Amino acid sequence: TVHALCEDQAGNIWMALEDGISCYQKQTGRFRSIRKANQWLLGQCANILCDKQGDIWFTSRTVGLHRYVVSTGQVQQFLYDPASRPPHT
């Protein structure tokens, strides 16, 4: 199941799927899939966005917010820390 799509600056189509993210590479006509972030299985991904720097941001139901840095092939995970939350004003 495809939950969300975005198109990067090169015309590649990125998809948020049941078991990670996938990219349809326009130049080669092939798919590339990412199923893990470090040692964690991504599981269901619900949202995906392509930013102006060419990186791919997505959410995983099991392990939170991530950025796939296309230039390095690395996945960065951003964890929620309730202690860092600013007080309500």
# chains A, B, ... in the order shown; residues from 1 in each chain; ligands from 1
call {"tool": "residues_around", "arguments": {"residues": "range 61-75 of chain A", "least_positions_apart": "4", "cutoff": "12 Å", "atoms": "only C-alpha atoms", "output": "PyMOL selection string"}}
result
chain A and resi 3+8-10+12+14+16-23+32-57+79-81
call {"tool": "write_last_selection", "arguments": {"atoms": "N, CA and C atoms", "output": "CSV table (one decimal), in the first residue's frame"}}
result
chain,number,residue,atom,x,y,z
A,3,HIS,N,1.1,5.1,0.9
A,3,HIS,CA,0.4,6.0,1.8
A,3,HIS,C,0.6,7.4,1.4
A,8,ASP,N,11.1,14.3,-6.3
A,8,ASP,CA,12.3,15.2,-6.0
A,8,ASP,C,12.7,16.0,-7.2
A,9,GLN,N,13.8,16.8,-7.0
A,9,GLN,CA,14.2,17.7,-8.1
A,9,GLN,C,14.7,17.0,-9.4
A,10,ALA,N,15.1,15.7,-9.2
A,10,ALA,CA,15.5,15.0,-10.4
A,10,ALA,C,14.4,14.2,-11.1
A,12,ASN,N,12.5,11.9,-9.6
A,12,ASN,CA,12.3,10.6,-9.0
A,12,ASN,C,11.1,10.6,-8.1
A,14,TRP,N,9.2,9.3,-4.8
A,14,TRP,CA,9.4,8.6,-3.5
A,14,TRP,C,8.1,8.3,-2.9
A,16,ALA,N,5.9,6.5,0.5
A,16,ALA,CA,5.8,5.9,1.9
A,16,ALA,C,4.9,4.7,1.8
A,17,LEU,N,5.5,3.6,2.3
A,17,LEU,CA,4.9,2.3,2.1
A,17,LEU,C,4.6,1.6,3.4
A,18,GLU,N,4.0,0.4,3.4
A,18,GLU,CA,3.7,-0.4,4.6
A,18,GLU,C,5.0,-0.8,5.3
A,19,ASP,N,6.1,-1.0,4.6
A,19,ASP,CA,7.3,-1.5,5.2
A,19,ASP,C,8.6,-0.7,4.9
A,20,GLY,N,8.4,0.6,4.9
A,20,GLY,CA,9.5,1.5,4.6
A,20,GLY,C,9.2,2.5,3.5
A,21,ILE,N,10.3,3.0,2.8
A,21,ILE,CA,10.1,3.9,1.7
A,21,ILE,C,10.7,3.3,0.5
A,22,SER,N,10.3,3.8,-0.7
A,22,SER,CA,10.8,3.3,-1.9
A,22,SER,C,10.9,4.5,-2.9
A,23,CYS,N,11.9,4.4,-3.8
A,23,CYS,CA,12.1,5.4,-4.8
A,23,CYS,C,12.1,4.8,-6.2
A,32,ARG,N,14.4,1.6,-5.7
A,32,ARG,CA,15.3,1.4,-4.6
A,32,ARG,C,14.5,1.5,-3.3
A,33,SER,N,14.6,0.5,-2.4
A,33,SER,CA,13.8,0.5,-1.2
A,33,SER,C,14.7,0.7,0.0
A,34,ILE,N,14.2,1.3,1.0
A,34,ILE,CA,14.8,1.5,2.3
A,34,ILE,C,13.9,1.0,3.4
A,35,ARG,N,14.3,-0.1,4.1
A,35,ARG,CA,13.4,-0.8,5.0
A,35,ARG,C,13.9,-0.6,6.5
A,36,LYS,N,15.2,-0.1,6.6
A,36,LYS,CA,15.7,0.0,8.0
A,36,LYS,C,16.4,1.4,8.1
A,37,ALA,N,16.3,1.9,9.3
A,37,ALA,CA,17.0,3.1,9.7
A,37,ALA,C,18.0,2.7,10.9
A,38,ASN,N,19.3,2.7,10.5
A,38,ASN,CA,20.2,2.1,11.5
A,38,ASN,C,19.8,0.7,11.7
A,39,GLN,N,19.6,0.3,13.0
A,39,GLN,CA,19.2,-1.1,13.2
A,39,GLN,C,17.7,-1.3,13.3
A,40,TRP,N,16.9,-0.3,13.2
A,40,TRP,CA,15.5,-0.3,13.4
A,40,TRP,C,14.8,-0.6,12.1
A,41,LEU,N,13.8,-1.5,12.1
A,41,LEU,CA,12.9,-1.7,10.9
A,41,LEU,C,12.0,-0.5,10.9
A,42,LEU,N,11.7,0.1,9.8
A,42,LEU,CA,10.9,1.2,9.7
A,42,LEU,C,9.4,0.9,9.8
A,43,GLY,N,9.0,-0.2,9.3
A,43,GLY,CA,7.5,-0.5,9.4
A,43,GLY,C,6.7,0.4,8.5
A,44,GLN,N,5.5,0.7,8.9
A,44,GLN,CA,4.6,1.5,8.1
A,44,GLN,C,5.1,3.0,8.1
A,45,CYS,N,5.2,3.5,6.9
A,45,CYS,CA,5.6,4.9,6.8
A,45,CYS,C,4.3,5.6,6.2
A,46,ALA,N,4.0,6.8,6.8
A,46,ALA,CA,2.7,7.4,6.5
A,46,ALA,C,2.8,8.7,5.7
A,47,ASN,N,3.9,9.4,5.9
A,47,ASN,CA,4.1,10.7,5.2
A,47,ASN,C,5.5,10.8,4.6
A,48,ILE,N,5.6,11.6,3.5
A,48,ILE,CA,6.9,11.7,2.9
A,48,ILE,C,7.0,13.0,2.2
A,49,LEU,N,8.1,13.8,2.3
A,49,LEU,CA,8.3,15.1,1.7
A,49,LEU,C,9.7,15.2,1.1
A,50,CYS,N,9.8,15.9,0.0
A,50,CYS,CA,11.1,16.1,-0.6
A,50,CYS,C,11.4,17.6,-0.3
A,51,ASP,N,12.6,17.9,0.3
A,51,ASP,CA,12.9,19.3,0.6
A,51,ASP,C,13.8,19.9,-0.5
A,52,LYS,N,14.0,21.2,-0.3
A,52,LYS,CA,14.8,22.0,-1.3
A,52,LYS,C,16.2,21.6,-1.5
A,53,GLN,N,16.8,21.0,-0.4
A,53,GLN,CA,18.2,20.5,-0.4
A,53,GLN,C,18.3,19.1,-1.1
A,54,GLY,N,17.2,18.5,-1.4
A,54,GLY,CA,17.2,17.2,-2.1
A,54,GLY,C,17.1,16.1,-1.1
A,55,ASP,N,16.9,16.3,0.2
A,55,ASP,CA,16.7,15.3,1.2
A,55,ASP,C,15.2,14.9,1.3
A,56,ILE,N,15.0,13.7,1.8
A,56,ILE,CA,13.7,13.1,1.9
A,56,ILE,C,13.3,12.9,3.4
A,57,TRP,N,12.2,13.5,3.8
A,57,TRP,CA,11.7,13.5,5.1
A,57,TRP,C,10.5,12.5,5.2
A,79,LEU,N,14.4,11.8,17.5
A,79,LEU,CA,13.6,11.3,18.6
A,79,LEU,C,12.9,12.4,19.3
A,80,TYR,N,11.7,12.2,19.8
A,80,TYR,CA,11.0,13.1,20.6
A,80,TYR,C,11.5,13.0,22.1
A,81,ASP,N,11.8,14.2,22.6
A,81,ASP,CA,12.3,14.2,24.0
A,81,ASP,C,11.3,15.1,24.8
call {"tool": "select_by_dssp", "arguments": {"residues": "chain A", "states": "strand (DSSP E)", "output": "ChimeraX atom specification"}}
result
/A:2-7,13-17,20-25,30-34,36-37,40-41,45-50,56-60,64-69,74-78
call {"tool": "atom_distance", "arguments": {"atom1": "CA of Ile13 in chain A", "atom2": "CA of Gln27 in chain A"}}
result
11.2 Å
